[in-house]
$ cat my_file_26.cif   # mmCIF, C-alpha atoms
data_target
#
loop_
_atom_site.label_atom_id
_atom_site.label_comp_id
_atom_site.auth_asym_id
_atom_site.auth_seq_id
_atom_site.Cartn_x
_atom_site.Cartn_y
_atom_site.Cartn_z
CA MET A 17 109.47 -236.55 -6.19
CA ASN A 18 108.12 -240.19 -5.62
CA ALA A 19 104.75 -241.59 -6.68
CA SER A 20 102.04 -239.06 -5.86
CA ARG A 21 99.48 -240.43 -3.47
CA ASP A 22 95.85 -240.28 -4.45
CA THR A 23 94.13 -237.78 -2.20
CA ASP A 24 90.71 -239.37 -2.36
CA ASN A 25 89.87 -242.90 -1.26
CA THR A 26 87.06 -243.61 -3.70
CA ASN A 27 84.79 -246.49 -2.77
CA ALA A 28 85.45 -249.37 -5.17
CA ASN A 29 81.73 -249.88 -5.65
CA ASN A 30 81.12 -246.28 -6.63
CA THR A 31 82.61 -246.32 -10.13
CA ALA A 32 79.85 -244.51 -11.97
CA ASN A 33 80.15 -241.31 -9.93
CA SER A 34 83.48 -241.18 -8.12
CA ASP A 35 84.24 -238.83 -5.26
CA SER A 36 85.85 -235.51 -6.12
CA LEU A 37 89.26 -236.01 -7.72
CA ILE A 38 90.74 -232.78 -6.43
CA ASP A 39 92.88 -231.82 -3.48
CA ILE A 40 92.78 -228.16 -2.57
CA VAL A 41 95.10 -226.85 0.07
CA GLY A 42 96.49 -223.39 0.50
CA ASP A 43 96.12 -219.70 0.28
CA ASN A 44 92.57 -218.39 0.44
CA SER A 45 93.71 -215.16 -1.16
CA ILE A 46 94.41 -216.73 -4.57
CA SER A 47 91.74 -215.47 -6.93
CA ASN A 48 90.06 -217.48 -9.66
CA SER A 49 91.38 -214.99 -12.19
CA ALA A 50 94.61 -216.96 -12.23
CA ILE A 51 92.78 -219.83 -13.93
CA SER A 52 89.98 -218.01 -15.71
CA SER A 53 88.74 -217.93 -19.31
CA PRO A 54 89.30 -221.56 -20.35
CA LEU A 55 89.62 -222.03 -24.11
CA LEU A 56 87.82 -225.36 -24.23
CA THR A 57 84.12 -225.85 -23.55
CA PRO A 58 83.46 -227.67 -20.25
CA PHE A 59 81.63 -230.96 -20.08
CA ALA A 60 77.97 -230.69 -19.19
CA PRO A 61 77.46 -230.97 -15.42
CA ILE A 62 77.37 -234.56 -14.24
CA SER A 63 76.27 -234.00 -10.69
CA SER A 64 76.88 -231.43 -8.04
CA THR A 65 80.24 -231.67 -6.28
CA PRO A 66 80.00 -231.38 -2.49
CA ALA A 67 81.08 -227.97 -1.23
CA ILE A 68 84.80 -227.76 -0.59
CA SER A 69 85.78 -226.01 2.61
CA ALA A 70 87.72 -222.76 2.33
CA PRO A 71 91.40 -223.55 1.77
CA GLN A 72 93.92 -222.56 4.39
CA THR A 73 97.41 -221.15 4.01
CA LEU A 74 100.06 -223.84 4.37
CA ASP A 75 103.03 -223.28 6.62
CA ALA A 76 106.52 -224.63 5.95
CA PHE A 77 105.94 -227.97 7.68
CA ASP A 78 102.69 -228.75 5.86
CA TRP A 79 104.16 -227.54 2.58
CA LYS A 80 106.98 -230.10 2.74
CA ARG A 81 104.51 -232.91 3.34
CA THR A 82 102.13 -231.74 0.61
CA ILE A 83 104.84 -231.32 -2.02
CA ASN A 84 106.27 -234.78 -1.37
CA ASP A 85 102.82 -236.37 -1.40
CA THR A 86 101.87 -234.66 -4.66
CA TYR A 87 105.04 -235.14 -6.70
CA PHE A 88 107.93 -237.21 -5.31
CA ASP A 89 110.57 -237.04 -2.59
CA LEU A 90 112.31 -233.67 -2.35
CA ASN A 91 114.46 -231.92 0.18
CA VAL A 92 112.47 -228.71 0.78
CA SER A 93 114.08 -225.69 2.45
CA PHE A 94 113.05 -222.12 3.11
CA ARG A 95 114.92 -218.85 3.50
CA GLN A 96 112.53 -217.78 6.29
CA PRO A 97 110.41 -220.78 7.34
CA SER A 98 108.31 -218.75 9.77
CA GLN A 99 107.21 -216.42 6.96
CA PHE A 100 106.47 -219.07 4.35
CA SER A 101 102.98 -219.52 2.94
CA GLY A 102 101.78 -221.49 -0.06
CA TYR A 103 98.82 -222.86 -1.95
CA LEU A 104 98.61 -226.05 -4.01
CA GLN A 105 95.59 -227.11 -6.03
CA HIS A 106 96.06 -230.62 -7.39
CA ALA A 107 93.87 -232.76 -9.66
CA LYS A 108 94.76 -236.43 -10.09
CA LEU A 109 93.25 -238.14 -13.13
CA LEU A 110 94.15 -241.79 -13.76
CA ASP A 111 97.93 -241.59 -14.13
CA ILE A 112 98.54 -237.92 -14.84
CA GLY A 113 98.47 -235.20 -12.16
CA VAL A 114 97.81 -231.49 -12.79
CA SER A 115 98.61 -228.76 -10.27
CA HIS A 116 98.30 -225.02 -9.70
CA TYR A 117 101.17 -224.05 -7.41
CA HIS A 118 101.51 -220.71 -5.60
CA ALA A 119 104.22 -220.00 -3.00
CA ASN A 120 106.80 -217.51 -1.83
CA THR A 121 110.55 -218.21 -1.60
CA VAL A 122 111.40 -221.92 -1.44
CA HIS A 123 114.21 -224.25 -2.54
CA TYR A 124 113.92 -227.89 -3.65
CA LYS A 125 116.62 -230.49 -4.11
CA ARG A 126 116.00 -233.88 -5.65
CA SER A 127 118.37 -236.71 -4.81
CA LEU A 128 118.10 -240.31 -5.89
CA VAL A 129 117.14 -242.21 -2.77
CA SER A 130 115.54 -245.62 -3.18
CA ASN A 131 111.81 -245.70 -2.68
CA GLN A 132 110.46 -248.21 -0.23
CA SER A 133 107.20 -250.00 -0.87
CA SER A 134 104.76 -251.27 1.72
CA ASP A 135 106.42 -254.69 1.70
CA GLY A 136 109.80 -253.18 2.54
CA ILE A 137 111.31 -253.67 -0.91
CA LYS A 138 113.21 -250.67 -2.25
CA ASP A 139 113.04 -249.68 -5.91
CA ASN A 140 114.59 -246.66 -7.61
CA SER A 141 112.58 -246.97 -10.79
CA SER A 142 109.00 -247.50 -9.63
CA ASP A 143 107.91 -243.95 -10.42
CA ASP A 144 110.01 -242.66 -13.29
CA SER A 145 108.16 -239.64 -14.55
CA ILE A 146 108.56 -236.09 -15.77
CA LEU A 147 107.26 -232.80 -14.48
CA ILE A 148 106.35 -230.13 -17.03
CA THR A 149 106.38 -226.72 -15.35
CA PHE A 150 104.76 -223.55 -16.72
CA PRO A 151 105.43 -220.29 -14.84
CA VAL A 152 102.31 -218.12 -14.66
CA THR A 153 103.78 -215.30 -12.58
CA GLY A 154 107.38 -214.83 -11.45
CA SER A 155 110.47 -216.74 -12.55
CA VAL A 156 111.99 -220.02 -11.37
CA ARG A 157 115.50 -221.41 -11.65
CA PHE A 158 116.29 -225.02 -12.39
CA ALA A 159 119.46 -227.10 -12.76
CA GLN A 160 119.82 -230.75 -13.76
CA LYS A 161 122.73 -232.75 -15.22
CA ASN A 162 124.98 -229.70 -15.74
CA ARG A 163 122.21 -227.71 -17.39
CA GLN A 164 120.82 -224.52 -15.84
CA LEU A 165 117.90 -222.34 -16.82
CA THR A 166 115.65 -219.52 -15.71
CA SER A 167 112.04 -219.90 -16.85
CA SER A 168 109.45 -217.11 -16.93
CA PRO A 169 105.80 -216.74 -18.03
CA GLY A 170 105.41 -217.80 -21.66
CA GLN A 171 107.94 -220.61 -21.23
CA PHE A 172 108.02 -224.15 -19.83
CA PHE A 173 110.63 -226.77 -18.97
CA ILE A 174 110.92 -230.51 -18.34
CA GLU A 175 112.21 -232.12 -15.14
CA LEU A 176 113.29 -235.78 -15.11
CA SER A 177 112.51 -237.62 -11.87
CA ASN A 178 115.29 -240.16 -12.34
CA LEU A 179 118.12 -237.60 -12.16
CA PRO A 180 119.07 -235.28 -9.28
CA TYR A 181 118.11 -231.63 -9.68
CA GLU A 182 117.70 -228.26 -7.97
CA PHE A 183 114.67 -226.00 -8.32
CA TYR A 184 114.09 -222.71 -6.55
CA HIS A 185 112.50 -219.26 -6.75
CA LEU A 186 113.54 -216.16 -4.84
CA GLN A 187 110.17 -214.48 -4.93
CA GLN A 188 106.48 -215.39 -4.95
CA VAL A 189 105.53 -217.40 -8.02
CA SER A 190 102.50 -219.10 -9.51
CA LEU A 191 103.01 -222.21 -11.67
CA TYR A 192 101.11 -224.89 -13.51
CA VAL A 193 102.71 -228.34 -13.18
CA ILE A 194 101.91 -231.62 -14.92
CA LYS A 195 103.26 -234.93 -13.65
CA VAL A 196 103.38 -237.66 -16.33
CA PRO A 197 104.69 -241.24 -15.95
CA LEU A 198 107.43 -241.91 -18.49
CA ALA A 199 105.64 -245.13 -19.44
CA LEU A 200 102.99 -243.01 -21.17
CA LEU A 201 105.59 -241.15 -23.22
CA THR A 202 107.87 -243.85 -24.62
CA PRO A 203 107.58 -242.72 -28.28
CA GLN A 204 108.52 -239.17 -27.21
CA MET A 205 111.51 -240.10 -25.06
CA GLY A 206 114.01 -238.88 -27.66
CA THR A 207 112.64 -235.36 -27.67
CA ILE A 208 112.13 -235.32 -23.89
CA GLU A 209 115.69 -236.33 -23.11
CA ARG A 210 117.16 -233.86 -25.59
CA GLN A 211 115.02 -231.02 -24.27
CA PHE A 212 115.06 -231.62 -20.50
CA ALA A 213 116.26 -228.68 -18.39
CA ARG A 214 115.89 -226.22 -21.26
CA SER A 215 113.56 -223.26 -21.33
CA LEU A 216 111.05 -223.86 -24.16
CA SER A 217 108.45 -221.49 -25.56
CA ILE A 218 104.68 -222.02 -25.45
CA ASP A 219 104.09 -219.32 -28.06
CA GLU A 220 103.87 -221.73 -30.98
CA GLY A 221 102.35 -225.16 -31.47
CA ALA A 222 100.33 -226.93 -28.80
CA GLY A 223 102.01 -225.36 -25.76
CA ARG A 224 99.47 -222.58 -25.36
CA LEU A 225 96.60 -225.03 -25.75
CA LEU A 226 98.15 -227.24 -23.09
CA VAL A 227 98.13 -224.36 -20.59
CA PHE A 228 94.46 -223.70 -21.35
CA GLN A 229 93.72 -227.40 -20.86
CA ILE A 230 95.38 -227.39 -17.44
CA ARG A 231 93.15 -224.49 -16.36
CA GLN A 232 90.14 -226.31 -17.76
CA ILE A 233 90.86 -229.51 -15.85
CA LEU A 234 91.37 -227.75 -12.52
CA GLU A 235 88.10 -225.81 -12.89
CA LEU A 236 86.15 -228.78 -14.20
CA ILE A 237 87.12 -231.22 -11.48
CA GLN A 238 86.62 -228.61 -8.77
CA GLN A 239 83.09 -227.88 -9.94
CA HIS A 240 81.84 -231.30 -11.03
CA ARG A 241 81.93 -234.93 -10.01
CA LEU A 242 83.06 -236.96 -13.01
CA ALA A 243 82.34 -240.56 -13.95
CA ALA A 244 85.24 -242.94 -14.54
CA LEU A 245 84.77 -242.87 -18.33
CA GLU A 246 84.84 -239.06 -18.37
CA VAL A 247 88.06 -239.02 -16.36
CA LYS A 248 89.60 -241.46 -18.83
CA ILE A 249 88.57 -239.30 -21.79
CA LEU A 250 89.84 -236.16 -20.10
CA GLU A 251 93.22 -237.73 -19.41
CA GLN A 252 93.52 -238.96 -23.00
CA GLN A 253 92.82 -235.46 -24.30
CA LEU A 254 95.47 -234.07 -21.98
CA LEU A 255 97.99 -236.74 -22.99
CA ASN A 256 97.40 -235.98 -26.68
CA LEU A 257 98.22 -232.31 -26.08
CA ILE A 258 101.29 -233.20 -24.02
CA VAL A 259 102.56 -235.44 -26.83
CA LEU A 260 101.98 -232.72 -29.43
CA THR A 261 103.73 -230.15 -27.25
CA LEU A 262 106.76 -232.34 -26.53
CA SER A 263 107.03 -233.88 -29.99
CA ALA A 264 107.83 -230.65 -31.79
CA PRO A 265 108.68 -227.70 -29.56
CA LYS A 266 109.91 -224.69 -31.52
CA GLU A 267 113.56 -225.35 -30.70
CA VAL A 268 113.37 -228.93 -32.04
CA MET A 269 111.57 -227.97 -35.24
CA MET A 270 114.31 -225.44 -35.98
CA SER A 271 116.99 -228.14 -35.87
CA SER A 272 117.66 -229.55 -39.33
CA SER A 273 119.77 -232.39 -37.91
CA SER A 274 117.19 -233.69 -35.42
CA SER A 275 115.68 -236.37 -37.67
CA ILE A 276 119.10 -237.59 -38.84
CA GLN A 277 120.27 -237.94 -35.24
CA SER A 278 117.13 -239.88 -34.37
CA VAL A 279 117.83 -242.36 -37.18
CA HIS A 280 121.38 -242.94 -35.94
CA LEU A 281 120.23 -243.31 -32.34
CA LYS A 282 117.57 -245.82 -33.35
CA ARG A 283 120.22 -247.87 -35.18
CA ILE A 284 122.50 -247.73 -32.11
CA GLU A 285 119.68 -248.77 -29.82
CA HIS A 286 118.78 -251.76 -32.01
CA TYR A 287 122.38 -252.97 -32.22
CA VAL A 288 123.01 -252.65 -28.48
CA HIS A 289 119.82 -254.54 -27.62
CA GLN A 290 120.88 -257.35 -29.95
CA HIS A 291 124.36 -257.60 -28.36
CA LEU A 292 123.68 -256.79 -24.71
CA GLU A 293 125.24 -260.05 -23.48
CA ASN A 294 128.58 -259.19 -25.09
CA PRO A 295 130.89 -257.87 -22.31
CA ALA A 296 133.09 -256.24 -24.97
CA LEU A 297 130.25 -253.96 -26.11
CA ALA A 298 132.05 -250.62 -26.43
CA PRO A 299 131.70 -247.34 -28.36
CA ALA A 300 134.20 -248.42 -31.05
CA MET A 301 132.35 -251.67 -31.72
CA VAL A 302 128.93 -250.01 -31.86
CA ALA A 303 130.14 -247.10 -33.98
CA ALA A 304 131.71 -249.44 -36.53
CA ALA A 305 128.58 -251.59 -36.71
CA CYS A 306 126.41 -248.50 -37.24
CA HIS A 307 128.79 -246.93 -39.79
CA ILE A 308 129.54 -243.79 -37.81
CA SER A 309 132.64 -242.50 -36.07
CA VAL A 310 133.22 -242.91 -32.34
CA ARG A 311 133.39 -239.13 -32.08
CA TYR A 312 129.95 -238.77 -33.68
CA LEU A 313 128.51 -241.46 -31.40
CA HIS A 314 129.62 -239.51 -28.34
CA LYS A 315 128.26 -236.32 -29.90
CA LEU A 316 124.83 -237.96 -30.22
CA PHE A 317 124.84 -238.86 -26.53
CA ALA A 318 126.00 -235.38 -25.52
CA GLU A 319 122.40 -234.25 -26.15
CA LEU A 320 121.07 -236.86 -23.71
CA PRO A 321 121.15 -236.90 -19.90
CA TYR A 322 123.65 -239.77 -19.82
CA SER A 323 126.78 -240.96 -21.63
CA PHE A 324 126.88 -244.02 -23.88
CA SER A 325 128.47 -246.11 -21.13
CA GLU A 326 125.90 -244.99 -18.55
CA TRP A 327 123.10 -245.87 -20.94
CA VAL A 328 124.46 -249.36 -21.66
CA LYS A 329 124.84 -249.99 -17.92
CA GLU A 330 121.24 -248.87 -17.35
CA LEU A 331 120.00 -251.18 -20.12
CA ARG A 332 121.89 -254.14 -18.69
CA LEU A 333 120.61 -253.64 -15.17
CA LYS A 334 117.00 -253.17 -16.27
CA GLN A 335 117.20 -256.28 -18.44
CA ALA A 336 118.63 -258.20 -15.47
CA ASN A 337 115.84 -256.86 -13.28
CA HIS A 338 113.27 -258.11 -15.79
CA ILE A 339 114.85 -261.57 -15.93
CA LEU A 340 114.97 -261.80 -12.14
CA LYS A 341 111.42 -260.55 -11.65
CA THR A 342 110.00 -263.05 -14.14
CA LYS A 343 112.09 -265.88 -12.66
CA SER A 344 113.31 -266.86 -16.16
CA TYR A 345 116.75 -268.02 -15.00
CA VAL A 346 118.53 -270.82 -13.11
CA THR A 347 121.38 -269.05 -11.30
CA ILE A 348 122.40 -265.44 -10.57
CA ASP A 349 125.65 -266.09 -12.45
CA GLU A 350 123.58 -266.97 -15.52
CA VAL A 351 121.69 -263.67 -15.27
CA ALA A 352 124.96 -261.73 -14.99
CA HIS A 353 126.34 -263.35 -18.13
CA ARG A 354 123.10 -262.81 -20.07
CA VAL A 355 123.46 -259.05 -19.59
CA GLY A 356 127.18 -258.82 -20.27
CA TYR A 357 128.80 -259.18 -16.83
CA GLY A 358 131.42 -261.90 -16.36
CA ASP A 359 131.93 -261.17 -12.66
CA GLN A 360 128.87 -262.13 -10.60
CA GLY A 361 130.17 -260.31 -7.52
CA TYR A 362 130.58 -257.03 -9.40
CA PHE A 363 127.17 -257.48 -11.04
CA SER A 364 125.51 -258.04 -7.65
CA ARG A 365 127.14 -254.93 -6.15
CA ILE A 366 126.10 -252.51 -8.90
CA TYR A 367 122.65 -254.13 -9.11
CA LYS A 368 122.05 -253.48 -5.41
CA GLN A 369 123.35 -249.91 -5.72
CA HIS A 370 120.88 -249.27 -8.53
CA PHE A 371 117.73 -250.98 -7.24
CA GLY A 372 118.25 -251.00 -3.49
CA TYR A 373 118.04 -254.80 -3.18
CA THR A 374 120.23 -257.73 -4.22
CA PRO A 375 119.55 -259.88 -7.30
CA ARG A 376 118.46 -262.74 -5.05
CA ASP A 377 116.00 -260.47 -3.19
CA THR A 378 114.36 -259.16 -6.37
CA PRO A 379 110.57 -259.42 -6.00
CA SER A 380 108.85 -261.57 -8.60
CA THR A 381 106.09 -260.36 -10.85
CA SER A 382 103.45 -262.17 -12.83
CA THR A 383 103.43 -259.71 -15.70
CA SER A 384 106.28 -258.70 -17.97
CA THR A 385 107.25 -255.08 -18.01
CA SER A 386 109.23 -253.03 -20.48
CA THR A 387 112.94 -253.49 -19.90
CA SER A 388 114.54 -251.05 -22.29
CA THR A 389 115.77 -247.56 -21.62
CA SER A 390 115.38 -245.42 -24.73
CA THR A 391 118.42 -243.69 -26.13
CA GLY A 392 116.28 -240.83 -27.19
CA THR A 393 115.34 -242.38 -30.51
CA GLY A 394 111.70 -241.45 -30.43
CA THR A 395 110.60 -239.60 -33.50
CA GLY A 396 109.49 -236.15 -32.62
#
$ encode --input "my_file_26.cif" --output "structure tokens"
Amino acid sequence: MNASRDTDNTNANNTANSDSLIDIVGDNSISNSAISSPLLTPFAPISSTPAISAPQTLDAFDWKRTINDTYFDLNVSFRQPSQFSGYLQHAKLLDIGVSHYHANTVHYKRSLVSNQSSDGIKDNSSDDSILITFPVTGSVRFAQKNRQLTSSPGQFFIELSNLPYEFYHLQQVSLYVIKVPLALLTPQMGTIERQFARSLSIDEGAGRLLVFQIRQILELIQQHRLAALEVKILEQQLLNLIVLTLSAPKEVMMSSSSSIQSVHLKRIEHYVHQHLENPALAPAMVAAACHISVRYLHKLFAELPYSFSEWVKELRLKQANHILKTKSYVTIDEVAHRVGYGDQGYFSRIYKQHFGYTPRDTPSTSTSTSTSTSTGTGTG
């Protein structure tokens, strides 16, 4: 799913009391009992929110459009398109989106197709994010990077936007979904990448509180118009709960080797960053420098959604992208050598495959952005 589009065009001058931050589309038969009894006390009313017209059931065509607008690009298919109906309630805060999803049988497939911005430049990495999905009723099936799961009420799972996946349900389901940019979760990337596409429990830790918070946000934004500062505070509270939930899910806490692996991965990450321009950077060299065996190095990466070689390639290309965007180079050949590629032609080909544009066509930027791809070394 690509960058979700804000559903309200708030007047730039109206920052104290913004327009309603909620999209509601869908099935009028969904009762409020599905999101009742919030655990947390609501904010005091700010001002009355204009009445929202009764939602309408979405058909298959409108559902495809709504899903892609809310999350990112997906191939959406239906067993019986003429009989499909769905409901999607979506609240967009600053960077995080929260949704209540209700639909009958539907199938989604995510493929990595370059996004295209308004200026015609394509970029695969402009909206790297995760979806955290909590089944409320019914079960869903999910597969990503050779991992498969079935998730039911009382569980949740993580979807990575930067890898292809399949997601489907064969019966009517109700879900809560959170969309979070990866940039907000850098310290937690280790845990996220080890736990993606696995069914995790909400029964312990902050998971249950996170579900209550989702309900709270959807009710609160539907009923009240919030000032910009209140939206910022609300998002920070939500982010704190997300971090707590992802930092130590039950399955991670039960692993005695998790902290040791994180230390080794952090050492690997540091060494690779320091030697990225070396074209001979290979598992044997890195393993020897980090005082581990090659076999153990590959074992560490088996828990991540990419191999060691794939990760090094990703690091090199993102570092090259940063150099090119900031115009801190003289020639393309120089850039290729600075990230470990001796063949400029090969570098240009794989760069274009990854980003959708050539090194020479890379758009410039006035601000530096993070260029590293975590190995999964975040302490969780």
$ closest_residue --input "my_file_26.cif" --among "A:Pro299, A:Pro97, A:Pro375, A:Gly361" --to "Tyr345 in chain A" --atoms "all atoms listed in the file"
A:Pro375
$ atom_distance --input "my_file_26.cif" --atom1 "CA of Asn294 in chain A" --atom2 "CA of Gly358 in chain A"
9.6 Å
$ atom_distance --input "my_file_26.cif" --atom1 "CA of Thr374 in chain A" --atom2 "CA of Lys343 in chain A"
14.3 Å
$ resolve_selection --input "my_file_26.cif" --expression "the PyMOL selection byres ((chain A and resi 159) around 6)" --output "list in words"
Phe158, Gln160, Arg163, Gln164, Tyr181 and Glu182 of chain A
$ residues_near_point --input "my_file_26.cif" --point "(113.0, -221.8, 5.2)" --cutoff "10 Å" --atoms "all atoms listed in the file" --output "PDB file with C-alpha atoms, in the frame of the given file"
ATOM      1  CA  ALA A  76     106.520-224.630   5.950  1.00  0.00           C
ATOM      2  CA  PHE A  77     105.940-227.970   7.680  1.00  0.00           C
ATOM      3  CA  VAL A  92     112.470-228.710   0.780  1.00  0.00           C
ATOM      4  CA  SER A  93     114.080-225.690   2.450  1.00  0.00           C
ATOM      5  CA  PHE A  94     113.050-222.120   3.110  1.00  0.00           C
ATOM      6  CA  ARG A  95     114.920-218.850   3.500  1.00  0.00           C
ATOM      7  CA  GLN A  96     112.530-217.780   6.290  1.00  0.00           C
ATOM      8  CA  PRO A  97     110.410-220.780   7.340  1.00  0.00           C
ATOM      9  CA  SER A  98     108.310-218.750   9.770  1.00  0.00           C
ATOM     10  CA  GLN A  99     107.210-216.420   6.960  1.00  0.00           C
ATOM     11  CA  PHE A 100     106.470-219.070   4.350  1.00  0.00           C
ATOM     12  CA  THR A 121     110.550-218.210  -1.600  1.00  0.00           C
ATOM     13  CA  VAL A 122     111.400-221.920  -1.440  1.00  0.00           C
ATOM     14  CA  HIS A 123     114.210-224.250  -2.540  1.00  0.00           C
TER      15      HIS A 123
END
$ residues_around --input "my_file_26.cif" --residues "Thr149 in chain A" --least-positions-apart "2" --cutoff "7 Å" --atoms "only C-alpha atoms" --output "PyMOL selection string"
chain A and resi 147+151+172-174+191-194
$ atom_distance --input "my_file_26.cif" --atom1 "CA of Phe183 in chain A" --atom2 "CA of Val227 in chain A"
20.7 Å
$ closest_residue --input "my_file_26.cif" --among "A:Thr347, A:Ser177, A:Ser215, A:Thr86" --to "Phe150 in chain A" --atoms "all atoms listed in the file"
A:Ser215
$ closest_residue --input "my_file_26.cif" --among "A:Ile276, A:Val152, A:Leu320, A:Leu165" --to "Tyr117 in chain A" --atoms "all atoms listed in the file"
A:Val152
$ residues_around --input "my_file_26.cif" --residues "Ile284 in chain A" --least-positions-apart "4" --cutoff "12 Å" --atoms "only C-alpha atoms" --output "number ranges by chain"
A: 277-280, 288-292, 297-308, 310, 312-314, 316-317, 324, 327-328, 390-393
$ residues_around --input "my_file_26.cif" --residues "Leu254 in chain A" --least-positions-apart "4" --cutoff "8 Å" --atoms "all atoms listed in the file" --output "list in words"
Leu226, Gln229, Leu250 and Ile258 of chain A
$ closest_residue --input "my_file_26.cif" --among "A:Glu293, A:Glu326, A:Glu251, A:Glu350" --to "Ile112 in chain A" --atoms "all atoms listed in the file"
A:Glu251
$ residues_around --input "my_file_26.cif" --residues "Gly154 in chain A" --least-positions-apart "3" --cutoff "7 Å" --atoms "all atoms listed in the file" --output "list of chain:residue names"
A:Pro151, A:Ser168, A:Gln188, A:Val189, A:Ser190
$ write_last_selection --input "my_file_26.cif" --atoms "C-alpha atoms" --output "PDB file, keeping the file's coordinate frame"
ATOM      1  CA  PRO A 151     105.430-220.290 -14.840  1.00  0.00           C
ATOM      2  CA  SER A 168     109.450-217.110 -16.930  1.00  0.00           C
ATOM      3  CA  GLN A 188     106.480-215.390  -4.950  1.00  0.00           C
ATOM      4  CA  VAL A 189     105.530-217.400  -8.020  1.00  0.00           C
ATOM      5  CA  SER A 190     102.500-219.100  -9.510  1.00  0.00           C
TER       6      SER A 190
END
$ closest_residue --input "my_file_26.cif" --among "A:Arg81, A:Lys161, A:Arg126, A:His370" --to "Lys329 in chain A" --atoms "all atoms listed in the file"
A:His370
$ axis_aligned_box --input "my_file_26.cif" --around "range 211-226 of chain A" --padding-each-side "6 Å" --output "AutoDock Vina command-line options"
--center_x 106.4 --center_y -225.5 --center_z -24.9 --size_x 31.7 --size_y 24.3 --size_z 25.1
$ closest_residue --input "my_file_26.cif" --among "A:Tyr87, A:Tyr124, A:Tyr103, A:Tyr373" --to "Leu186 in chain A" --atoms "all atoms listed in the file"
A:Tyr124
$ resolve_selection --input "my_file_26.cif" --expression "the PyMOL selection byres ((chain A and resi 224) around 12)" --output "list in words"
Pro54, Leu55, Phe150, Val152, Pro169, Gly170, Gln171, Phe172, Leu216, Ser217, Ile218, Asp219, Glu220, Gly221, Ala222, Gly223, Leu225, Leu226, Val227, Phe228, Gln229, Ile230, Arg231, Leu257, Ile258, Leu260, Thr261 and Pro265 of chain A
$ resolve_selection --input "my_file_26.cif" --expression "the PyMOL selection byres ((chain A and resi 342) around 7)" --output "ChimeraX atom specification"
/A:338-341,343-344,380-382,384
$ write_last_selection --input "my_file_26.cif" --atoms "C-alpha atoms" --output "PDB file, in the coordinates of the input"
ATOM      1  CA  HIS A 338     113.270-258.110 -15.790  1.00  0.00           C
ATOM      2  CA  ILE A 339     114.850-261.570 -15.930  1.00  0.00           C
ATOM      3  CA  LEU A 340     114.970-261.800 -12.140  1.00  0.00           C
ATOM      4  CA  LYS A 341     111.420-260.550 -11.650  1.00  0.00           C
ATOM      5  CA  LYS A 343     112.090-265.880 -12.660  1.00  0.00           C
ATOM      6  CA  SER A 344     113.310-266.860 -16.160  1.00  0.00           C
ATOM      7  CA  SER A 380     108.850-261.570  -8.600  1.00  0.00           C
ATOM      8  CA  THR A 381     106.090-260.360 -10.850  1.00  0.00           C
ATOM      9  CA  SER A 382     103.450-262.170 -12.830  1.00  0.00           C
ATOM     10  CA  SER A 384     106.280-258.700 -17.970  1.00  0.00           C
TER      11      SER A 384
END
